[in-house]
Amino acid sequence: MKGIFKKLFGSSKPVVTVVSGLPRSGTSMMMKMLEAGGIPPLTDKIRTADDDNPKGYYEFERVKQMDKGDTAWMADAEGKSVKVISQLLRYMPPGHEYKVIFMRRNMSEILASQKKMLINRGEDPDQAPDEEISALFEKHLNSVMDWMAAQPNVSVIYIHYSDMLANPVPLVAQLNEFLGGNMDIEAMAEVVDPNLYRNRKNRLKKEKS
């Protein structure tokens, strides 16, 4: 599914750029790329950078209340980017056009990264078997992708985290086209930090051995 997107033509609705995906799939990196490229983020800076996300989370706390009807703030996201976890996408209000950048990542890496975060928080990283969590995530992803494909006001591009780190230039070019062609693509590509990915993979390998 990576690199596949659909476009909308002739829409007069205000545009909101949405970054989404499963937890630990590279959404914070994408938010930082968009900021460097010229789209300011909607963020309250309540959740600060830490060892799990040294460059910041780029979150807006009111997003977490969308399923409870708190969506009036979406007007403040017009012309900006906002991070919305995949479980809450279906609660986005209908009065906008949404350009969704949906991050994909190898499921084994997502699970390993989540476990590392839980350990850092002092929580149990083995609350459920990996196979069970993976199956639930895959079922959820299929449901979300089907939902987005059926929405007339949602266009989406799928970006794979490891592909972006390995060779950002062509994917940044696709993103630029998807978002209208006015992005600073050099600045976006410079945000990508493959060292963070390699260091994390090496660290996880050591912990498993």
# chains A, B, ... in the order shown; residues from 1 in each chain; ligands from 1
>>> residues_around(residues="region 65-74 of chain A", least_positions_apart="5", cutoff="7 Å", atoms="only C-alpha atoms", output="ChimeraX atom specification")
/A:88,91,93
>>> residues_around(residues="Gly38 (chain A)", least_positions_apart="2", cutoff="10 Å", atoms="only C-alpha atoms", output="list of chain:residue names")
A:Met33, A:Leu34, A:Glu35, A:Ala36, A:Pro40, A:Pro41, A:Lys80, A:Asn182, A:Met183, A:Asp184, A:Ile185, A:Ala187, A:Met188
>>> closest_residue(among="A:Asp76, A:Glu132, A:Glu97, A:Asp146", to="Lys13 (chain A)", atoms="only C-alpha atoms")
A:Glu97
>>> closest_residue(among="A:Ala173, A:Val15, A:Met164, A:Ala189", to="Val100 (chain A)", atoms="only C-alpha atoms")
A:Val15
>>> atom_distance(atom1="CA of Met29 (chain A)", atom2="CA of Asn106 (chain A)")
15.9 Å
>>> residues_around(residues="Val18 (chain A)", least_positions_apart="3", cutoff="7 Å", atoms="only C-alpha atoms", output="ChimeraX atom specification")
/A:81-84,98-101
>>> select_by_dssp(residues="region 14-186 of chain A", states="helix (DSSP H, G or I)", output="PyMOL selection string")
chain A and resi 27-37+61-68+72-77+86-91+107-120+130-149+161-166+168-178+185-186
